[in-house]
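Here the structure is laid out as structure tokens; the discussion comes afterwards.
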Amino acid sequence: MHNSPTVHRRRLGGELRKLRETAGRTHREVAAHLDCSQGKISQIELGRVPVRTSDVRLMAEFYGITGDRITDLIELAQGSKERGWWQRYPTTAQRPGFETHLGLETAAKAVSCFGADPIPELLHTAEYSAALFGTELHPPGESDGQERLTVTTTRQQRLLGNEPLELWAVLDEAALRRSIGGPVVMRQQLEHLVLMGYRRNVTIQVLPFGHGGHPLMGERISVFSFPDEADPQVVHVGDTAGSRFLDKPADTGDYLTAFERVCGIALPPKDSSAFISAVADDWKA
């Protein structure tokens, strides 16, 4: 499950962009050489589309690359065309930006996240997820809802096993206080958070209302870190209005610093667990 065509595409795109810039070629020149549009070259370099091995070979040769270097690029191109596990669930993958999110999460060794509410999906109970569906502008039908629950459950398996995903989640107090599904669902959800916080690979912090303002107010972010140093950290900035994936240090630096500052002012994990337990006691049916 750790193989991800999304990461192959982004790595290949980044490599091809660097090679083009080193060779002093423009998008227009490369597009003319491949007899395609400039937009296609841009999409390839952004890692948004799978790439034919023949196109990779033509681009590499145009940049003056030969031998094993071309072989490495072709292997990345082949990986970019593989099917991700989430493509078995087409309705879910159609959510804007979600396919890229799943691809990055699948290949990541660690994910850090912050948002006011709701609670991150990797930490959902099934009842909480189902209750959230009912709050959407266009709630999914029974079949689509079940598909989304299956995808969430599959994602959560990454938190288990011998090489689990490392998750660091900072929760705004609002996520604990906002009633989703009623008292019983909320109490079960918060008790689940406490249990998950006992796992060595899961760190949960709470940012109480009383701590005032912070540098991520109004933002929802996820930071993906990968085992291969060739893959830069990616910051996903997303909300109901849009979704952006940033991987250039000039774009990600401020978000990474802001997340560190939020971690610094949030309650430590042990205190956060006690805080969550206290709020769970408030959710008595």
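Simple scheme: letters A, B, ... for chains in structure tokens order, numbers from 1 for residues in each chain, numbers from 1 for ligands in the order shown.
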Enumerate the residues of region 4-252 of chain A with a DSSP assignment of helix (DSSP H, G or I), computed from the backbone, and present them as a VMD selection string.
chain A and resid 5 to 23 27 to 34 38 to 45 53 to 62 68 to 80 85 to 88 90 to 93 98 to 107 121 to 123 126 to 133 142 to 159 173 to 177 183 to 196 209 to 211 249 to 252
Set out as CSV a contact list for region 23-114 of chain A and region 133-151 of chain A with a cut-off of 7 Å, giving each residue of region 23-114 of chain A that qualifies its closest atom pair and distance in Å to one decimal, counting only C-alpha atoms, ordered by chain and rising residue number.
```
residue,atom,partner,partner_atom,distance
A:Tyr89,CA,A:Glu147,CA,6.7
A:Thr91,CA,A:Asp144,CA,6.8
A:Thr92,CA,A:Arg148,CA,5.9
```
Filtering to all heavy atoms, could you give me those residues as a compact mmCIF listing (two decimals), in the first residue's frame?
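Below is the file result-v7.txt, written as the result:
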```
# COMPACT_ATOMS: atom_id res chain seq x y z
N TYR A 89 -12.23 3.18 -5.79
CA TYR A 89 -13.37 3.88 -5.22
C TYR A 89 -13.55 5.21 -5.96
O TYR A 89 -13.22 6.28 -5.44
CB TYR A 89 -13.14 4.13 -3.74
CG TYR A 89 -12.77 2.87 -2.98
CD1 TYR A 89 -11.45 2.57 -2.66
CD2 TYR A 89 -13.75 1.95 -2.61
CE1 TYR A 89 -11.10 1.41 -1.97
CE2 TYR A 89 -13.43 0.79 -1.94
CZ TYR A 89 -12.10 0.53 -1.62
OH TYR A 89 -11.76 -0.63 -0.96
N THR A 91 -15.97 7.26 -6.83
CA THR A 91 -16.78 8.37 -6.31
C THR A 91 -16.00 9.18 -5.29
O THR A 91 -16.00 10.41 -5.30
CB THR A 91 -18.08 7.83 -5.67
OG1 THR A 91 -18.81 7.11 -6.65
CG2 THR A 91 -18.92 8.99 -5.14
N THR A 92 -15.29 8.49 -4.40
CA THR A 92 -14.51 9.16 -3.37
C THR A 92 -13.36 9.94 -3.98
O THR A 92 -13.08 11.08 -3.60
CB THR A 92 -13.96 8.13 -2.37
OG1 THR A 92 -15.07 7.48 -1.74
CG2 THR A 92 -13.10 8.79 -1.32
```
Might you pull out every residue within 12 Å of Glu75 (chain A), with only C-alpha atoms counted and same-chain residues fewer than 4 positions away left off, and present them as number ranges by chain?
A: 5, 8-9, 11-12, 51-54, 56-57, 68-71, 79-82
Residues of region 30-141 of chain A at most 10 Å from region 171-182 of chain A: nearest atom pair and distance in Å, only C-alpha atoms, as JSON lines:
```
{"residue": "A:Cys113", "atom": "CA", "partner": "A:Leu171", "partner_atom": "CA", "distance": 8.5}
{"residue": "A:Phe114", "atom": "CA", "partner": "A:Leu171", "partner_atom": "CA", "distance": 6.2}
{"residue": "A:Gly115", "atom": "CA", "partner": "A:Leu171", "partner_atom": "CA", "distance": 6.5}
{"residue": "A:Ala116", "atom": "CA", "partner": "A:Asp172", "partner_atom": "CA", "distance": 4.8}
{"residue": "A:Asp117", "atom": "CA", "partner": "A:Ala175", "partner_atom": "CA", "distance": 4.4}
{"residue": "A:Pro118", "atom": "CA", "partner": "A:Ala175", "partner_atom": "CA", "distance": 5.2}
{"residue": "A:Ile119", "atom": "CA", "partner": "A:Ala175", "partner_atom": "CA", "distance": 5.6}
{"residue": "A:Pro120", "atom": "CA", "partner": "A:Leu171", "partner_atom": "CA", "distance": 8.5}
{"residue": "A:Glu127", "atom": "CA", "partner": "A:Gly181", "partner_atom": "CA", "distance": 7.7}
{"residue": "A:Tyr128", "atom": "CA", "partner": "A:Gly181", "partner_atom": "CA", "distance": 6.6}
{"residue": "A:Ser129", "atom": "CA", "partner": "A:Ile180", "partner_atom": "CA", "distance": 9.0}
{"residue": "A:Ala130", "atom": "CA", "partner": "A:Gly181", "partner_atom": "CA", "distance": 8.3}
{"residue": "A:Ala131", "atom": "CA", "partner": "A:Gly181", "partner_atom": "CA", "distance": 5.0}
{"residue": "A:Leu132", "atom": "CA", "partner": "A:Ile180", "partner_atom": "CA", "distance": 6.4}
{"residue": "A:Phe133", "atom": "CA", "partner": "A:Ile180", "partner_atom": "CA", "distance": 9.9}
{"residue": "A:Gly134", "atom": "CA", "partner": "A:Gly181", "partner_atom": "CA", "distance": 8.8}
{"residue": "A:Thr135", "atom": "CA", "partner": "A:Ile180", "partner_atom": "CA", "distance": 8.5}
```
Hey, can you check how far CA of Glu21 (chain A) sits from CA of Phe224 (chain A)?
26.2 Å
Neighbour list for Leu46 (chain A) as an MDAnalysis selection string, cut-off 10 Å, only C-alpha atoms, skip fewer than 3 positions in-chain
chainID A and resid 9:14 16:17 40:43 49
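Checking A:Val234, A:Ala23, A:Ala274, A:Leu207 one by one against Gly103 (chain A), counting only C-alpha atoms, you find the shortest gap at A:Val234.
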